[in-house]
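my_file22.cif (mmCIF, C-alpha atoms)
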```
data_input
#
loop_
_atom_site.label_atom_id
_atom_site.label_comp_id
_atom_site.auth_asym_id
_atom_site.auth_seq_id
_atom_site.Cartn_x
_atom_site.Cartn_y
_atom_site.Cartn_z
CA MET G 1129 -21.28 -23.52 -2.80
CA LEU G 1130 -18.25 -21.27 -3.36
CA LEU G 1131 -20.50 -18.27 -3.09
CA LEU G 1132 -21.88 -19.55 0.19
CA ARG G 1133 -18.38 -20.14 1.54
CA GLN G 1134 -17.31 -16.64 0.60
CA THR G 1135 -20.42 -15.13 2.14
CA VAL G 1136 -19.75 -17.01 5.37
CA LYS G 1137 -16.11 -15.85 5.33
CA TYR G 1138 -17.28 -12.34 4.75
CA GLN G 1139 -19.76 -12.47 7.61
CA TYR G 1140 -17.07 -13.96 9.82
CA LEU G 1141 -14.76 -11.07 9.00
CA SER G 1142 -17.48 -8.57 9.91
CA ILE G 1143 -18.16 -10.30 13.23
CA VAL G 1144 -14.44 -10.34 14.12
CA LEU G 1145 -14.33 -6.67 13.24
CA LEU G 1146 -17.21 -5.76 15.53
CA GLY G 1147 -15.77 -7.97 18.27
CA LEU G 1148 -12.46 -6.13 18.04
CA MET G 1149 -14.14 -2.78 18.35
CA ALA G 1150 -16.02 -3.94 21.42
CA SER G 1151 -12.96 -5.51 23.06
CA GLY G 1152 -10.90 -2.38 22.45
CA ARG G 1153 -13.45 -0.39 24.40
CA LEU G 1154 -13.68 -2.97 27.16
CA THR G 1155 -9.94 -3.18 27.80
CA SER G 1156 -9.71 0.55 27.97
CA GLN G 1157 -12.49 0.75 30.49
CA ASN G 1158 -11.08 -2.04 32.62
CA ALA G 1159 -7.69 -0.47 33.10
CA SER G 1160 -7.50 0.72 36.64
CA ASP G 1161 -5.89 3.85 38.03
CA SER G 1162 -3.24 1.81 39.77
CA GLU G 1163 -1.79 0.93 36.36
CA LEU G 1164 -0.68 4.40 35.47
CA THR G 1165 2.97 3.74 34.66
CA ALA G 1166 4.07 2.82 31.18
CA GLY G 1167 3.73 -0.91 30.87
CA HIS G 1168 5.56 -3.11 28.38
CA VAL G 1169 2.84 -5.71 27.97
CA PRO G 1170 2.64 -7.41 24.56
CA MET G 1171 -0.31 -6.36 22.47
CA ILE G 1172 -2.26 -6.92 19.32
CA SER G 1173 -2.84 -3.61 17.61
CA GLY G 1174 -3.78 -2.76 14.09
CA GLY G 1175 -6.48 -1.49 11.83
CA ALA G 1176 -9.79 -2.69 10.58
CA GLY G 1177 -12.21 -1.20 8.15
CA TYR G 1178 -14.71 -1.56 5.43
CA ILE G 1179 -14.47 0.24 2.11
CA TYR G 1180 -17.08 0.45 -0.60
CA ASN G 1181 -15.19 1.37 -3.76
CA VAL G 1182 -16.63 2.23 -7.16
CA ASN G 1183 -14.02 2.47 -9.91
CA GLY G 1184 -15.25 3.36 -13.38
CA GLY G 1185 -18.75 2.19 -12.43
CA VAL G 1186 -17.60 -1.18 -11.03
CA PRO G 1187 -18.32 -1.57 -7.31
CA THR G 1188 -16.02 -3.54 -4.96
CA LEU G 1189 -16.58 -4.31 -1.30
CA GLU G 1190 -13.35 -4.43 0.72
CA PRO G 1191 -13.54 -5.52 4.34
CA GLN G 1192 -10.09 -5.55 5.97
CA ILE G 1193 -8.38 -6.46 9.20
CA ASN G 1194 -4.64 -5.98 9.75
CA PRO G 1195 -3.65 -7.27 13.17
CA VAL G 1196 -0.17 -6.28 14.37
CA LEU G 1197 1.54 -8.34 17.04
CA VAL G 1198 3.93 -6.23 19.13
CA PHE G 1199 5.85 -8.31 21.64
CA PRO G 1200 8.64 -6.74 23.69
CA PHE G 1201 11.34 -8.82 25.37
CA GLY G 1202 12.68 -6.37 27.92
CA GLN G 1203 13.29 -2.85 26.70
CA HIS G 1204 15.74 -3.51 23.90
CA VAL G 1205 14.22 -6.32 21.88
CA LEU G 1206 10.91 -6.20 20.08
CA LEU G 1207 9.12 -8.74 17.94
CA GLU G 1208 6.58 -7.25 15.54
CA SER G 1209 4.48 -8.69 12.78
CA ARG G 1210 1.52 -7.63 10.70
CA THR G 1211 -0.87 -9.86 8.80
CA ASP G 1212 -3.32 -8.44 6.33
CA PHE G 1213 -6.72 -9.99 5.68
CA THR G 1214 -8.46 -8.18 2.86
CA GLY G 1215 -11.59 -9.29 1.09
CA PHE G 1216 -12.35 -8.30 -2.50
CA PHE G 1217 -15.96 -8.84 -3.44
CA GLN G 1218 -17.28 -7.85 -6.85
CA ARG G 1219 -20.55 -8.47 -8.62
CA GLU G 1220 -20.66 -11.54 -10.84
CA ASN G 1221 -21.03 -9.46 -14.02
CA GLN G 1222 -19.13 -6.46 -12.67
CA THR G 1223 -22.19 -4.22 -12.43
CA SER G 1224 -24.94 -6.78 -11.88
CA GLY G 1225 -25.46 -10.09 -10.15
CA PRO G 1226 -24.52 -11.25 -6.68
CA TYR G 1227 -21.24 -10.29 -5.00
CA LYS G 1228 -18.50 -12.91 -5.22
CA GLY G 1229 -14.93 -12.77 -4.10
CA LYS G 1230 -12.13 -13.91 -1.89
CA VAL G 1231 -10.33 -13.02 1.28
CA PHE G 1232 -6.57 -12.71 0.84
CA LYS G 1233 -4.14 -13.29 3.68
CA THR G 1234 -0.67 -11.77 3.58
CA VAL G 1235 2.04 -11.66 6.23
CA GLU G 1236 3.21 -8.14 5.50
CA TYR G 1237 6.15 -8.20 7.88
CA ALA G 1238 7.56 -10.31 10.70
CA GLN G 1239 10.69 -8.88 12.24
CA LEU G 1240 12.85 -8.86 15.31
CA ASP G 1241 14.18 -5.45 16.36
CA TRP G 1242 17.16 -4.85 18.57
CA LEU G 1243 17.10 -1.31 19.93
CA ALA G 1244 20.83 -1.19 20.71
CA ASN G 1245 21.15 2.56 21.15
CA THR G 1246 20.20 5.88 19.58
CA HIS G 1247 22.44 5.37 16.58
CA VAL G 1248 21.80 1.72 15.84
CA MET G 1249 18.63 -0.32 15.74
CA ALA G 1250 19.06 -3.65 13.99
CA VAL G 1251 16.12 -5.34 12.30
CA ALA G 1252 16.13 -8.95 11.09
CA GLY G 1253 13.42 -10.90 9.31
CA LYS G 1254 10.80 -9.73 6.86
CA TYR G 1255 10.58 -5.96 7.16
CA LEU G 1256 8.74 -3.21 5.26
CA LEU G 1257 11.02 -1.54 2.74
CA PRO G 1258 11.79 2.01 3.86
CA PHE G 1259 11.23 3.69 0.52
CA GLY G 1260 9.61 7.12 0.31
CA LEU G 1261 6.79 8.13 2.63
CA TYR G 1262 4.17 5.60 1.77
CA ASN G 1263 5.18 2.00 2.26
CA GLU G 1264 6.44 2.07 5.81
CA ARG G 1265 4.50 4.96 7.26
CA LEU G 1266 1.21 5.63 5.55
CA GLU G 1267 0.09 2.29 4.19
CA PRO G 1268 -2.09 1.03 7.09
CA ILE G 1269 -5.78 1.46 6.40
CA TRP G 1270 -6.32 3.60 9.51
CA ILE G 1271 -3.47 5.94 8.62
CA ARG G 1272 -3.92 6.69 4.92
CA ASN G 1273 -6.09 9.74 4.39
CA LEU G 1274 -7.21 8.53 0.97
CA GLN G 1275 -7.80 4.83 0.55
CA ASP G 1276 -6.26 4.40 -2.90
CA SER G 1277 -2.46 4.11 -2.92
CA PRO G 1278 -0.48 6.64 -4.97
CA LEU G 1279 0.32 5.66 -8.57
CA THR G 1280 4.01 5.55 -7.67
CA ALA G 1281 3.52 3.12 -4.74
CA THR G 1282 5.19 0.21 -6.52
CA ILE G 1283 8.41 2.13 -7.20
CA GLY G 1284 11.07 0.94 -4.74
CA THR G 1285 8.77 -1.61 -3.08
CA ARG G 1286 8.83 -4.51 -5.51
CA THR G 1287 8.08 -7.30 -5.29
CA SER G 1288 6.09 -7.57 -2.07
CA GLY G 1289 6.65 -4.27 -0.25
CA ALA G 1290 8.96 -6.11 2.12
CA GLY G 1291 12.55 -7.29 2.25
CA ASP G 1292 13.96 -10.46 3.79
CA GLY G 1293 17.23 -9.88 5.55
CA LEU G 1294 18.82 -7.20 7.64
CA MET G 1295 18.18 -3.53 8.15
CA LEU G 1296 20.01 -1.00 10.27
CA ARG G 1297 18.41 2.27 11.25
CA GLY G 1298 18.93 5.01 13.73
CA VAL G 1299 19.58 8.63 14.51
CA VAL G 1300 22.83 10.05 13.11
CA THR G 1301 22.70 13.33 15.00
CA GLN G 1302 20.11 15.03 17.15
CA THR G 1303 20.07 18.61 18.36
CA ALA G 1304 17.19 20.75 19.61
CA ASN G 1305 16.73 21.99 16.07
CA LEU G 1306 17.12 18.93 13.91
CA THR G 1307 17.34 15.18 13.82
CA THR G 1308 19.05 13.25 11.04
CA GLN G 1309 17.83 9.67 10.57
CA TYR G 1310 19.04 6.85 8.38
CA SER G 1311 18.11 3.35 7.37
CA ALA G 1312 20.07 0.88 5.26
CA TYR G 1313 19.13 -2.64 4.26
CA PHE G 1314 19.95 -5.70 2.23
CA SER G 1315 17.23 -8.11 1.17
CA ALA G 1316 17.61 -11.59 -0.29
CA ARG G 1317 15.40 -13.02 -3.01
CA SER G 1318 12.74 -15.33 -1.66
CA GLY G 1319 9.84 -17.20 -3.18
CA ILE G 1320 8.79 -18.89 0.05
CA LYS G 1321 5.07 -18.51 0.62
CA GLN G 1322 4.33 -15.47 2.80
CA LEU G 1323 8.02 -14.52 2.76
CA GLU G 1324 8.24 -13.34 -0.84
CA SER G 1325 10.83 -10.67 -1.42
CA ALA G 1326 13.28 -9.47 -4.05
CA ARG G 1327 17.03 -9.17 -3.91
CA THR G 1328 17.57 -5.49 -3.24
CA ALA G 1329 19.79 -3.11 -1.34
CA GLY G 1330 18.93 0.40 -0.36
CA GLY G 1331 18.50 3.05 2.23
CA ASP G 1332 16.90 6.25 3.31
CA LEU G 1333 18.21 9.47 4.82
CA SER G 1334 16.01 12.19 6.22
CA VAL G 1335 16.30 15.35 8.27
CA PHE G 1336 13.48 16.34 10.61
CA PHE G 1337 13.19 19.87 12.01
CA PRO G 1338 10.98 19.52 15.11
CA ARG G 1339 10.21 23.21 15.57
CA PRO G 1340 8.64 23.85 12.17
CA ARG G 1341 7.72 20.13 12.08
CA PHE G 1342 9.22 19.77 8.66
CA GLU G 1343 10.95 16.73 7.25
CA ILE G 1344 12.86 16.27 4.04
CA GLY G 1345 14.28 12.97 2.93
CA ALA G 1346 15.46 10.75 0.13
CA SER G 1347 15.42 7.01 -0.49
CA TRP G 1348 17.48 4.96 -2.86
CA GLN G 1349 17.27 1.35 -3.93
CA ARG G 1350 19.15 -0.95 -6.26
CA PHE G 1351 17.00 -3.79 -7.58
CA LEU G 1352 19.40 -6.72 -7.86
CA GLN G 1353 17.53 -9.41 -9.74
CA GLY G 1354 16.30 -9.77 -13.32
CA HIS G 1355 16.63 -6.37 -14.92
CA ARG G 1356 18.82 -4.48 -12.44
CA VAL G 1357 17.57 -0.95 -11.99
CA ASN G 1358 17.93 1.99 -9.61
CA ASN G 1359 14.93 3.53 -7.86
CA SER G 1360 14.90 6.78 -5.97
CA ALA G 1361 12.49 8.99 -4.08
CA THR G 1362 12.62 12.43 -2.53
CA TYR G 1363 9.94 13.58 -0.15
CA VAL G 1364 8.81 16.30 2.20
CA SER G 1365 6.36 16.19 5.06
CA TRP G 1366 5.18 19.26 6.96
CA GLN G 1367 2.71 19.76 9.78
CA PRO G 1368 3.04 23.47 10.60
CA ALA G 1369 2.34 24.04 14.30
CA ALA G 1370 0.32 27.16 13.60
CA ALA G 1371 -2.12 25.40 11.28
CA LYS G 1372 -3.97 22.13 11.29
CA VAL G 1373 -2.58 21.16 7.93
CA ASP G 1374 -0.61 18.07 7.02
CA ILE G 1375 1.24 18.36 3.74
CA LYS G 1376 3.13 15.51 2.17
CA ALA G 1377 4.71 15.25 -1.23
CA GLU G 1378 6.95 12.77 -2.97
CA TYR G 1379 8.72 12.40 -6.27
CA ASP G 1380 9.75 8.91 -7.38
CA TYR G 1381 11.98 7.87 -10.23
CA SER G 1382 12.63 4.44 -11.69
CA TYR G 1383 13.56 2.82 -15.01
CA TYR G 1384 9.88 2.09 -15.63
CA GLY G 1385 8.54 5.55 -14.94
CA HIS G 1386 8.56 8.61 -12.76
CA GLY G 1387 5.92 10.66 -11.07
CA TYR G 1388 4.87 12.67 -8.08
CA TRP G 1389 2.04 12.95 -5.60
CA LEU G 1390 1.14 15.85 -3.41
CA GLU G 1391 -1.37 15.55 -0.61
CA SER G 1392 -2.73 18.05 1.85
CA ALA G 1393 -5.07 17.22 4.70
CA TYR G 1394 -6.75 19.87 6.73
CA ARG G 1395 -8.44 19.34 10.11
CA LEU G 1396 -11.11 21.90 11.01
CA ASP G 1397 -10.24 21.43 14.68
CA TYR G 1398 -10.77 24.94 16.03
CA PRO G 1399 -12.59 25.67 19.30
CA SER G 1400 -14.49 28.51 17.66
CA LEU G 1401 -16.23 26.05 15.35
CA PRO G 1402 -19.23 23.89 16.28
CA LYS G 1403 -18.21 20.43 17.50
CA LEU G 1404 -19.60 18.79 14.37
CA PHE G 1405 -17.07 20.57 12.14
CA ARG G 1406 -14.11 20.06 14.45
CA LYS G 1407 -14.02 16.39 13.62
CA VAL G 1408 -13.91 16.94 9.88
CA GLN G 1409 -10.77 16.40 7.82
CA ALA G 1410 -10.67 17.60 4.22
CA VAL G 1411 -8.08 15.95 1.98
CA GLY G 1412 -6.86 16.70 -1.52
CA ARG G 1413 -4.27 14.90 -3.60
CA ILE G 1414 -2.90 15.31 -7.07
CA GLN G 1415 -0.58 12.99 -8.90
CA GLU G 1416 0.97 12.47 -12.26
CA LEU G 1417 2.82 9.48 -13.59
CA PHE G 1418 5.00 9.39 -16.69
CA PRO G 1419 5.92 5.87 -17.79
CA LEU G 1420 9.39 5.24 -19.18
CA ASN G 1421 10.50 2.30 -21.30
CA GLY G 1422 6.93 1.08 -21.62
CA GLY G 1423 6.05 1.29 -17.93
CA GLY G 1424 4.85 -1.91 -16.29
CA ASN G 1425 6.00 -3.50 -13.04
CA GLY G 1426 3.05 -1.94 -11.29
CA LEU G 1427 3.11 1.32 -13.27
CA PRO G 1428 0.55 2.24 -15.94
CA PRO G 1429 1.83 2.02 -19.53
CA ILE G 1430 0.51 5.46 -20.46
CA ARG G 1431 0.79 8.86 -18.84
CA THR G 1432 -1.82 9.11 -16.09
CA GLU G 1433 -3.05 11.94 -13.94
CA ARG G 1434 -5.22 11.60 -10.93
CA VAL G 1435 -7.03 14.00 -8.64
CA ASP G 1436 -8.70 13.00 -5.36
CA PHE G 1437 -10.79 14.83 -2.81
CA GLY G 1438 -11.87 13.31 0.45
CA VAL G 1439 -13.82 14.22 3.52
CA ASN G 1440 -13.11 12.15 6.62
CA TYR G 1441 -14.98 12.40 9.87
CA TYR G 1442 -13.14 11.49 13.09
CA LEU G 1443 -15.75 10.08 15.47
CA ARG G 1444 -12.79 9.45 17.82
CA ASP G 1445 -9.04 9.56 17.25
CA ASP G 1446 -9.20 5.83 16.45
CA LEU G 1447 -12.46 5.65 14.50
CA ARG G 1448 -13.35 7.60 11.38
CA LEU G 1449 -15.76 7.64 8.51
CA LEU G 1450 -14.34 8.10 5.03
CA SER G 1451 -15.57 9.43 1.76
CA SER G 1452 -13.66 10.42 -1.32
CA TYR G 1453 -14.02 11.15 -4.97
CA GLY G 1454 -11.23 10.77 -7.47
CA ARG G 1455 -10.82 11.21 -11.19
CA SER G 1456 -8.24 9.32 -13.13
CA LEU G 1457 -7.25 10.85 -16.46
CA SER G 1458 -5.31 9.23 -19.29
CA SER G 1459 -5.49 9.08 -23.06
CA ALA G 1460 -7.02 5.59 -22.83
CA GLN G 1461 -9.72 6.25 -20.29
CA ASN G 1462 -11.08 8.79 -17.84
CA ALA G 1463 -12.70 7.21 -14.81
CA ASN G 1464 -14.39 8.30 -11.62
CA VAL G 1465 -13.38 6.57 -8.40
CA TRP G 1466 -15.56 6.73 -5.30
CA ASN G 1467 -14.73 5.41 -1.84
CA LEU G 1468 -17.00 5.22 1.16
CA GLY G 1469 -16.34 3.44 4.42
CA PHE G 1470 -14.87 3.51 7.88
CA THR G 1471 -11.56 2.63 9.55
CA TYR G 1472 -10.77 1.71 13.11
CA ARG G 1473 -7.47 1.40 15.01
CA PHE G 1474 -7.42 -1.08 17.86
CA MET G 1475 -4.99 -1.94 20.66
CA ILE G 1476 -5.59 -5.00 22.77
CA PRO G 1477 -3.12 -5.80 25.57
CA LEU G 1478 -2.46 -9.53 25.73
CA TRP G 1479 -3.49 -10.89 29.09
CA PHE G 1480 -0.14 -12.45 29.79
CA GLY G 1481 3.08 -10.54 30.42
CA GLY G 1482 3.93 -8.25 33.26
CA LYS G 1483 4.38 -4.59 33.84
CA ARG G 1484 7.71 -2.94 34.13
CA MET M 681 -8.62 20.42 -20.06
CA LYS M 682 -6.96 17.59 -18.12
CA LEU M 683 -4.00 19.71 -17.14
CA ARG M 684 -6.32 22.52 -16.13
CA VAL M 685 -7.91 20.24 -13.57
CA VAL M 686 -4.52 19.22 -12.21
CA HIS M 687 -3.26 22.77 -11.99
CA ALA M 688 -6.45 23.99 -10.39
CA CYS M 689 -5.86 21.35 -7.73
CA LEU M 690 -2.35 22.63 -7.13
CA LEU M 691 -4.08 25.70 -5.76
CA LEU M 692 -5.60 23.53 -3.07
CA VAL M 693 -2.33 23.26 -1.16
CA PRO M 694 -1.49 26.96 -0.70
CA LEU M 695 -5.17 27.60 -0.08
CA SER M 696 -5.40 25.07 2.72
CA VAL M 697 -2.16 26.41 4.26
CA PHE M 698 -3.58 29.90 4.07
CA ILE M 699 -6.88 28.91 5.68
CA GLY M 700 -4.94 26.96 8.29
CA PHE M 701 -2.79 29.92 9.26
CA ALA M 702 -5.67 32.37 9.08
CA GLN M 703 -7.49 30.48 11.83
CA LYS M 704 -6.17 30.83 15.37
CA PRO M 705 -5.52 27.40 16.74
CA GLY M 706 -6.90 27.26 20.24
CA GLY M 707 -6.47 24.67 22.95
CA THR M 708 -3.00 23.39 22.19
CA ALA M 709 -2.94 19.76 21.20
CA GLY M 710 -3.04 18.64 24.79
CA LYS M 711 -1.49 15.82 26.62
CA PRO M 712 -2.77 12.37 25.77
CA GLN M 713 -4.68 10.71 28.57
CA GLN M 714 -3.85 7.33 29.94
CA ARG M 715 -7.20 5.63 29.74
CA ALA M 716 -9.28 5.39 32.89
CA THR M 717 -7.59 8.36 34.49
CA SER M 718 -9.75 11.00 36.00
CA SER M 719 -6.83 13.25 36.85
CA SER M 720 -6.14 15.78 34.13
CA ARG M 721 -2.69 17.20 34.48
CA ALA M 722 -1.97 20.59 32.98
CA PRO M 723 -0.57 20.42 29.45
CA SER M 724 3.15 20.07 29.86
CA THR M 725 5.71 22.09 27.97
CA ASP M 726 8.59 19.86 28.98
CA GLU M 727 10.79 17.95 26.58
CA GLY M 728 8.44 14.97 26.35
CA GLY M 729 5.56 17.27 25.46
CA LEU M 730 7.60 18.79 22.66
CA VAL M 731 8.66 15.39 21.37
CA PHE M 732 5.04 14.22 21.43
CA LYS M 733 3.67 17.29 19.66
CA ALA M 734 6.39 17.39 17.04
CA ASN M 735 6.50 13.67 16.31
CA CYS M 736 3.28 11.88 17.00
CA SER M 737 1.23 13.49 14.26
CA ARG M 738 3.92 13.19 11.58
CA CYS M 739 2.41 10.00 10.19
CA HIS M 740 -1.02 9.56 11.74
CA ALA M 741 -3.54 11.29 13.98
CA ALA M 742 -1.85 11.45 17.39
CA PRO M 743 -3.56 9.01 19.74
CA MET M 744 -5.20 10.89 22.58
CA SER M 745 -5.52 8.00 25.00
CA PHE M 746 -3.34 5.07 25.95
CA THR M 747 -4.01 1.78 27.63
CA PRO M 748 -1.53 2.10 30.52
CA ARG M 749 -0.25 -1.46 30.32
CA THR M 750 0.89 -1.05 26.72
CA THR M 751 2.17 2.55 26.71
CA GLY M 752 5.81 1.39 26.92
CA THR M 753 5.21 -1.16 24.16
CA VAL M 754 3.72 1.47 21.84
CA ILE M 755 6.56 3.91 22.41
CA MET M 756 9.12 1.16 21.77
CA HIS M 757 7.27 0.22 18.57
CA MET M 758 7.16 3.84 17.41
CA ARG M 759 10.82 4.32 18.28
CA VAL M 760 11.68 1.79 15.59
CA ARG M 761 9.04 2.95 13.12
CA ALA M 762 9.77 6.65 13.44
CA THR M 763 13.51 6.22 14.14
CA LEU M 764 13.38 8.10 17.43
CA SER M 765 16.37 8.46 19.72
CA GLN M 766 16.69 6.77 23.10
CA GLN M 767 16.36 10.23 24.65
CA ASP M 768 13.07 10.79 22.78
CA GLU M 769 11.77 7.47 24.08
CA GLN M 770 12.58 8.36 27.69
CA ALA M 771 11.09 11.85 27.33
CA LEU M 772 7.88 10.40 25.87
CA LEU M 773 7.55 7.86 28.67
CA THR M 774 7.96 10.58 31.30
CA PHE M 775 5.45 12.75 29.51
CA ILE M 776 2.74 10.17 28.94
CA ALA M 777 3.19 8.10 32.09
CA PRO M 778 5.10 10.09 34.70
#
```
Please go through the file and, once you have read it, give me the structure as structure tokens.
Amino acid sequence: MLLLRQTVKYQYLSIVLLGLMASGRLTSQNASDSELTAGHVPMISGGAGYIYNVNGGVPTLEPQINPVLVFPFGQHVLLESRTDFTGFFQRENQTSGPYKGKVFKTVEYAQLDWLANTHVMAVAGKYLLPFGLYNERLEPIWIRNLQDSPLTATIGTRTSGAGDGLMLRGVVTQTANLTTQYSAYFSARSGIKQLESARTAGGDLSVFFPRPRFEIGASWQRFLQGHRVNNSATYVSWQPAAAKVDIKAEYDYSYYGHGYWLESAYRLDYPSLPKLFRKVQAVGRIQELFPLNGGGNGLPPIRTERVDFGVNYYLRDDLRLLSSYGRSLSSAQNANVWNLGFTYRFMIPLWFGGKR
Amino acid sequence: MKLRVVHACLLLVPLSVFIGFAQKPGGTAGKPQQRATSSSRAPSTDEGGLVFKANCSRCHAAPMSFTPRTTGTVIMHMRVRATLSQQDEQALLTFIAP
């Protein structure tokens, strides 16, 4: 009975997914030429996808949909919220038997933004913690180049990846050559269902150089409940204009461990190449994690290294096929990790609401 | 052996940068199209174009088409996410939906 219910849920998820893809195409085709000024109509955007993952020989099916509600009130106030529906389906005996599993629902953030001016944007509600490059920027399924999160992803993002409270962010200074950005937040402890968060305070400061398209930044967080610890991250991100490379690297430090990841993604998008190759993206990532004080809290208890290679194929800028191979190396176990699947980004204007 | 694998992979980064620079990028990352337009304006080199090129592929593949009704909504959303200035927002709006 449970199995049947899960199968039905799973089929339902797939149907919604296909429906979304179709509706995305329809809305885009229905937009008429007379609508060519920037409208501020509310929308549901987000990502959807399906990943077939094999980790150490154990296969998992992961269908996902992450709808994002983006609802502007005028041009200075924005309501935004993302809910994640992810299914985890594994075989009954790990490598044999029928697939069984569950769909998990998580409200990842629900926040009200006040875009006061260049220097101050105030955010209230449940917001994604701005720590390092990953949590706020790269986590959505349609953005991440490799589907598995970095080993350091739980540093600075405990307990739920989000904070409940207030955040200020904005541009400190901007010239033609550089922009300095900041964010600072305080989060209260909450155990309320779908609003879980830890008591933390922290911030991020980064400098972006638009000409070389290079960014360097640092995040800091004080974890203010239970065992009080400091977490920090330093990161760089570079998309040189003269090459189709995207390089990102981060080093994270916490009481429970420290480590780095370094990722480079390369698009073969050159007119001299046949069209087939121009849609290919090759990705490589290396990482190492060194536990401290026994690790834990999301970090492995023993030193772990991991290498990943991926080839993604962009059918369109919003739809891509994914494949990757990774090898995780530690003194306890070496394992191969395979991922195969697709991701899709959708944007559906809500029918109500007017144009500017 | 394990470290050898890791260090061999470190080579991947300079190698991909090298290959990237060695190739001549053609057809500058053009202007995104508002969906359902047939008019293709020449790629702009104005401020909005620079903001778009420098910023919109920092985190994800730059979207190459927009549903006109939600362009303002998206830019507002990205202004918060990417901590863009008010000036950047205006420049982007002029660039994408003049």
- Message: Can you translate the PyMOL selection byres ((chain G and resi 1181) around 12) into the concrete residues it hits in this file, as a PyMOL selection string?
- Response: chain G and resi 1178-1180+1182-1191+1216-1218+1274-1276+1450-1454+1464-1470
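Picture a line from atom CA of G:Gly1412 to atom CA of G:Glu1264; it runs 21.1 Å.
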Box centre and edge lengths (Å, one decimal), axis-aligned, stretch 761-774 of chain M plus 5 Å each side, as AutoDock Vina command-line options:
```
--center_x 12.1 --center_y 7.4 --center_z 22.2 --size_x 19.1 --size_y 18.9 --size_z 28.2
```
- Query: With all atoms listed in the file as the atoms that count, which of M:Ala771, M:Val760, M:Leu730, M:Ile776 lies nearest to M:Ser745?
  - Reply: M:Ile776
- Item | Residue contacts of stretch 731-733 of chain M (8 Å, only C-alpha atoms) excluding same-chain residues fewer than 6 positions away, as a count of residues only | 5
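Atom CA of G:Phe1336 to atom CA of G:Tyr1237 spans 25.8 Å [interatomic distance, one decimal].
Comparing G:Leu1352, G:Val1196, G:Leu1266, G:Ala1361 by their smallest distance to chain M, the closest is G:Leu1266 (using all atoms listed in the file).
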- Query: Can you list, as a PyMOL selection string, the residues that the PyMOL selection byres ((chain G and resi 1254) around 10) selects here?
  - Reply: chain G and resi 1208-1209+1235-1240+1251-1253+1255-1257+1289-1295+1315+1322-1325
- Message: When the PyMOL selection byres ((chain G and resi 1334) around 9) is applied to the structure above, which residues does it catch, written out as JSON, numbers by chain?
- Response: {"G": [1307, 1308, 1309, 1310, 1332, 1333, 1335, 1336, 1343, 1344, 1345, 1346, 1347, 1363]}
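Taking only C-alpha atoms, the non-local environment of M:Gln770 within 12 Å (same-chain residues fewer than 2 positions away omitted) comprises Ala1166, Gln1203 and Thr1246 of chain G; Glu727, Gly728, Gly729, Val731, Phe732, Thr751, Gly752, Ile755, Met756, Arg759, Leu764, Ser765, Gln766, Gln767, Asp768, Leu772, Leu773, Thr774, Phe775, Ile776, Ala777 and Pro778 of chain M.
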For the residues selected in the previous step, produce a file with C-alpha atoms as a PDB file, in the coordinates of the input.
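Output (out07.pdb):
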```pdb
ATOM      1  CA  ALA G1166       4.070   2.820  31.180  1.00  0.00           C
ATOM      2  CA  GLN G1203      13.290  -2.850  26.700  1.00  0.00           C
ATOM      3  CA  THR G1246      20.200   5.880  19.580  1.00  0.00           C
TER       4      THR G1246
ATOM      5  CA  GLU M 727      10.790  17.950  26.580  1.00  0.00           C
ATOM      6  CA  GLY M 728       8.440  14.970  26.350  1.00  0.00           C
ATOM      7  CA  GLY M 729       5.560  17.270  25.460  1.00  0.00           C
ATOM      8  CA  VAL M 731       8.660  15.390  21.370  1.00  0.00           C
ATOM      9  CA  PHE M 732       5.040  14.220  21.430  1.00  0.00           C
ATOM     10  CA  THR M 751       2.170   2.550  26.710  1.00  0.00           C
ATOM     11  CA  GLY M 752       5.810   1.390  26.920  1.00  0.00           C
ATOM     12  CA  ILE M 755       6.560   3.910  22.410  1.00  0.00           C
ATOM     13  CA  MET M 756       9.120   1.160  21.770  1.00  0.00           C
ATOM     14  CA  ARG M 759      10.820   4.320  18.280  1.00  0.00           C
ATOM     15  CA  LEU M 764      13.380   8.100  17.430  1.00  0.00           C
ATOM     16  CA  SER M 765      16.370   8.460  19.720  1.00  0.00           C
ATOM     17  CA  GLN M 766      16.690   6.770  23.100  1.00  0.00           C
ATOM     18  CA  GLN M 767      16.360  10.230  24.650  1.00  0.00           C
ATOM     19  CA  ASP M 768      13.070  10.790  22.780  1.00  0.00           C
ATOM     20  CA  LEU M 772       7.880  10.400  25.870  1.00  0.00           C
ATOM     21  CA  LEU M 773       7.550   7.860  28.670  1.00  0.00           C
ATOM     22  CA  THR M 774       7.960  10.580  31.300  1.00  0.00           C
ATOM     23  CA  PHE M 775       5.450  12.750  29.510  1.00  0.00           C
ATOM     24  CA  ILE M 776       2.740  10.170  28.940  1.00  0.00           C
ATOM     25  CA  ALA M 777       3.190   8.100  32.090  1.00  0.00           C
ATOM     26  CA  PRO M 778       5.100  10.090  34.700  1.00  0.00           C
TER      27      PRO M 778
END
```
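Between atom CA of G:Ser1173 and atom CA of G:Pro1195 there is a distance of 5.8 Å.
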- Message: List as JSON, numbers by chain the residues having at least one atom at most 6 Å from position (-4.9, -8.9, 5.0) as given in the file, counting all atoms listed in the file.
- Response: {"G": [1193, 1194, 1211, 1212, 1213, 1214, 1232, 1233, 1234]}
- Task: Would you mind telling me which residue in M:Glu769, M:Pro748, M:Asp726, M:Met758 lies nearest to chain G when using all atoms listed in the file?
- Result: M:Pro748
